[in-house]
$ cat data.txt   # compact mmCIF, C-alpha atoms
# COMPACT_ATOMS: atom_id res chain seq x y z
CA PRO A 18 -38.83 9.46 90.08
CA VAL A 19 -39.06 11.49 93.30
CA LEU A 20 -38.04 14.70 91.50
CA GLY A 21 -40.91 14.22 89.04
CA LEU A 22 -43.24 13.70 91.98
CA PHE A 23 -42.16 17.06 93.44
CA ARG A 24 -42.69 18.70 90.03
CA ASP A 25 -46.19 17.23 89.75
CA VAL A 26 -47.27 18.32 93.23
CA LEU A 27 -45.74 21.80 93.16
CA GLY A 28 -46.60 22.57 89.54
CA ASP A 29 -46.02 26.19 88.61
CA ARG A 30 -45.01 27.25 92.11
CA VAL A 31 -41.42 26.43 91.18
CA GLU A 32 -39.34 27.01 88.07
CA ASP A 33 -37.84 23.54 88.35
CA VAL A 34 -36.98 20.73 90.75
CA VAL A 35 -33.42 19.42 90.63
CA GLU A 36 -31.24 17.05 92.60
CA SER A 37 -28.97 18.90 95.02
CA HIS A 38 -25.28 18.14 95.08
CA ARG A 39 -24.53 20.44 98.01
CA LEU A 40 -27.18 19.83 100.67
CA VAL A 41 -26.09 17.62 103.55
CA SER A 42 -28.50 17.95 106.48
CA SER A 43 -31.52 19.58 104.81
CA PRO A 44 -34.02 17.73 102.63
CA VAL A 45 -34.72 20.71 100.32
CA THR A 46 -33.75 24.30 99.66
CA LEU A 47 -34.85 27.03 97.27
CA VAL A 48 -32.42 28.81 94.98
CA SER A 49 -32.95 31.66 92.56
CA GLY A 50 -33.37 30.86 88.90
CA LYS A 51 -31.10 32.19 86.19
CA ASP A 52 -32.96 35.44 85.61
CA ALA A 53 -34.51 35.87 89.07
CA LEU A 54 -33.51 38.18 91.88
CA ASP A 55 -32.03 36.52 94.94
CA SER A 56 -34.13 36.23 98.10
CA GLN A 57 -32.52 39.18 99.85
CA MET A 58 -33.13 41.50 96.91
CA GLU A 59 -36.78 40.38 96.67
CA ARG A 60 -37.25 41.14 100.39
CA MET A 61 -35.68 44.58 99.97
CA MET A 62 -38.00 45.34 97.05
CA LYS A 63 -41.02 44.25 99.12
CA MET A 64 -39.89 46.46 102.01
CA MET A 65 -39.63 49.38 99.60
CA GLN A 66 -43.15 48.45 98.46
CA ALA A 67 -41.98 47.97 94.91
CA ASP A 68 -44.75 46.28 93.00
CA MET A 69 -42.94 43.45 91.32
CA PRO A 70 -43.93 39.80 91.20
CA ALA A 71 -41.78 37.33 93.07
CA GLY A 72 -39.65 35.24 90.77
CA LYS A 73 -40.05 31.49 90.70
CA LYS A 74 -37.40 29.51 92.50
CA ILE A 75 -35.68 26.24 91.77
CA LEU A 76 -36.23 23.60 94.44
CA GLU A 77 -33.11 21.57 95.14
CA VAL A 78 -33.86 18.16 96.64
CA ASN A 79 -31.34 16.19 98.69
CA THR A 80 -32.17 12.69 97.43
CA SER A 81 -29.96 11.07 100.08
CA HIS A 82 -31.83 12.70 102.99
CA PRO A 83 -33.86 10.23 105.11
CA ILE A 84 -37.09 12.21 104.63
CA ILE A 85 -36.74 12.09 100.84
CA ARG A 86 -35.82 8.39 100.88
CA ASN A 87 -38.83 7.67 103.13
CA LEU A 88 -41.06 9.71 100.83
CA SER A 89 -39.85 7.70 97.86
CA GLY A 90 -40.61 4.48 99.76
CA MET A 91 -44.10 5.73 100.60
CA TYR A 92 -44.69 6.46 96.92
CA MET A 93 -43.50 3.01 95.86
CA ALA A 94 -45.73 1.36 98.46
CA ASN A 95 -48.84 3.38 97.59
CA ALA A 96 -48.68 6.13 94.97
CA ALA A 97 -52.17 7.30 95.98
CA ASN A 98 -51.19 7.97 99.61
CA PRO A 99 -52.47 11.52 100.31
CA LEU A 100 -49.67 12.16 102.80
CA ILE A 101 -47.15 12.24 99.94
CA GLY A 102 -48.49 15.51 98.55
CA THR A 103 -48.88 16.90 102.05
CA VAL A 104 -45.24 16.17 102.85
CA ILE A 105 -44.03 17.72 99.58
CA ARG A 106 -46.05 20.90 100.13
CA GLN A 107 -44.79 21.07 103.72
CA LEU A 108 -41.16 20.71 102.62
CA TYR A 109 -41.65 23.44 100.02
CA ASP A 110 -43.30 25.81 102.50
CA ALA A 111 -40.55 25.07 105.06
CA ALA A 112 -37.99 26.11 102.45
CA LEU A 113 -40.00 29.30 101.85
CA LEU A 114 -40.17 29.91 105.60
CA HIS A 115 -36.42 29.42 105.91
CA GLU A 116 -35.70 32.06 103.30
CA GLY A 117 -38.30 34.48 104.67
CA GLY A 118 -40.73 34.11 101.78
CA LEU A 119 -43.67 32.30 103.40
CA ASP A 120 -46.57 34.76 103.26
CA SER A 121 -49.10 32.79 105.30
CA THR A 122 -48.38 30.35 108.09
CA THR A 123 -51.98 29.13 108.41
CA GLU A 124 -51.72 26.33 105.82
CA PHE A 125 -48.22 25.48 106.99
CA LEU A 126 -49.38 24.98 110.58
CA SER A 127 -52.49 23.07 109.52
CA ARG A 128 -50.37 20.67 107.44
CA MET A 129 -47.89 20.32 110.28
CA ASN A 130 -50.70 19.25 112.59
CA GLU A 131 -51.99 16.80 109.97
CA LEU A 132 -48.53 15.24 109.66
CA ILE A 133 -48.05 15.02 113.42
CA GLU A 134 -51.45 13.38 113.75
CA ALA A 135 -50.54 10.82 111.06
CA ALA A 136 -47.17 10.17 112.69
CA THR A 137 -48.75 9.59 116.09
CA LEU A 138 -51.49 7.18 114.98
CA GLN A 139 -51.54 3.96 116.92
CA ARG A 140 -50.81 1.15 114.50
$ encode --input "data.txt" --output "structure tokens"
Amino acid sequence: PVLGLFRDVLGDRVEDVVESHRLVSSPVTLVSGKDALDSQMERMMKMMQADMPAGKKILEVNTSHPIIRNLSGMYMANAANPLIGTVIRQLYDAALLHEGGLDSTTEFLSRMNELIEAATLQR
């Protein structure tokens, strides 16, 4: 169910969302699709100012990672919790940042602050 949740939130930003069988310490990573250029080649083309659209990536999700398990628990407790979508978008943008493909950090930082604020609420 959590993979479908990622698909719903990310929509057409990704080619697909699949369970990872290789990630150990990371919750998510982006990999190139079958017909897409790898991340390094895309960066080289951008540096050469080649006008080509970036290919969609496949998001691999480590379903055994504590963040993903916690996210699944949040969804089961309250599917309408707005933090769920925020966390998914943040994980996706963090994967983009890691591979050097995050174009704007403004939304990333704003979401990070929102998540820190939610995590530090007095309960």
$ closest_residue --input "data.txt" --among "A:Leu40, A:Leu100, A:Leu22, A:Leu47" --to "Asn79 (chain A)" --atoms "all atoms listed in the file"
A:Leu40
$ closest_residue --input "data.txt" --among "A:Ser42, A:Thr137, A:Ser89, A:Gln107" --to "Thr123 (chain A)" --atoms "only C-alpha atoms"
A:Gln107
$ atom_distance --input "data.txt" --atom1 "CA of Leu108 (chain A)" --atom2 "CA of Ile84 (chain A)"
9.6 Å
$ residues_around --input "data.txt" --residues "Val48 (chain A)" --least-positions-apart "5" --cutoff "7 Å" --atoms "all atoms listed in the file" --output "NGL selection string"
:A and (74-76)
$ atom_distance --input "data.txt" --atom1 "CA of Gln66 (chain A)" --atom2 "CA of Arg106 (chain A)"
27.8 Å
$ closest_residue --input "data.txt" --among "A:Leu88, A:Pro44, A:Leu119, A:Pro99" --to "Glu131 (chain A)" --atoms "only C-alpha atoms"
A:Pro99
$ residues_around --input "data.txt" --residues "Asp33 (chain A)" --least-positions-apart "6" --cutoff "10 Å" --atoms "only C-alpha atoms" --output "PyMOL selection string"
chain A and resi 20-21+23-24+27+50+73-77
$ closest_residue --input "data.txt" --among "A:Val45, A:Ile101, A:Val26, A:Val35" --to "His115 (chain A)" --atoms "only C-alpha atoms"
A:Val45
$ atom_distance --input "data.txt" --atom1 "CA of Ala111 (chain A)" --atom2 "CA of Asn130 (chain A)"
13.9 Å
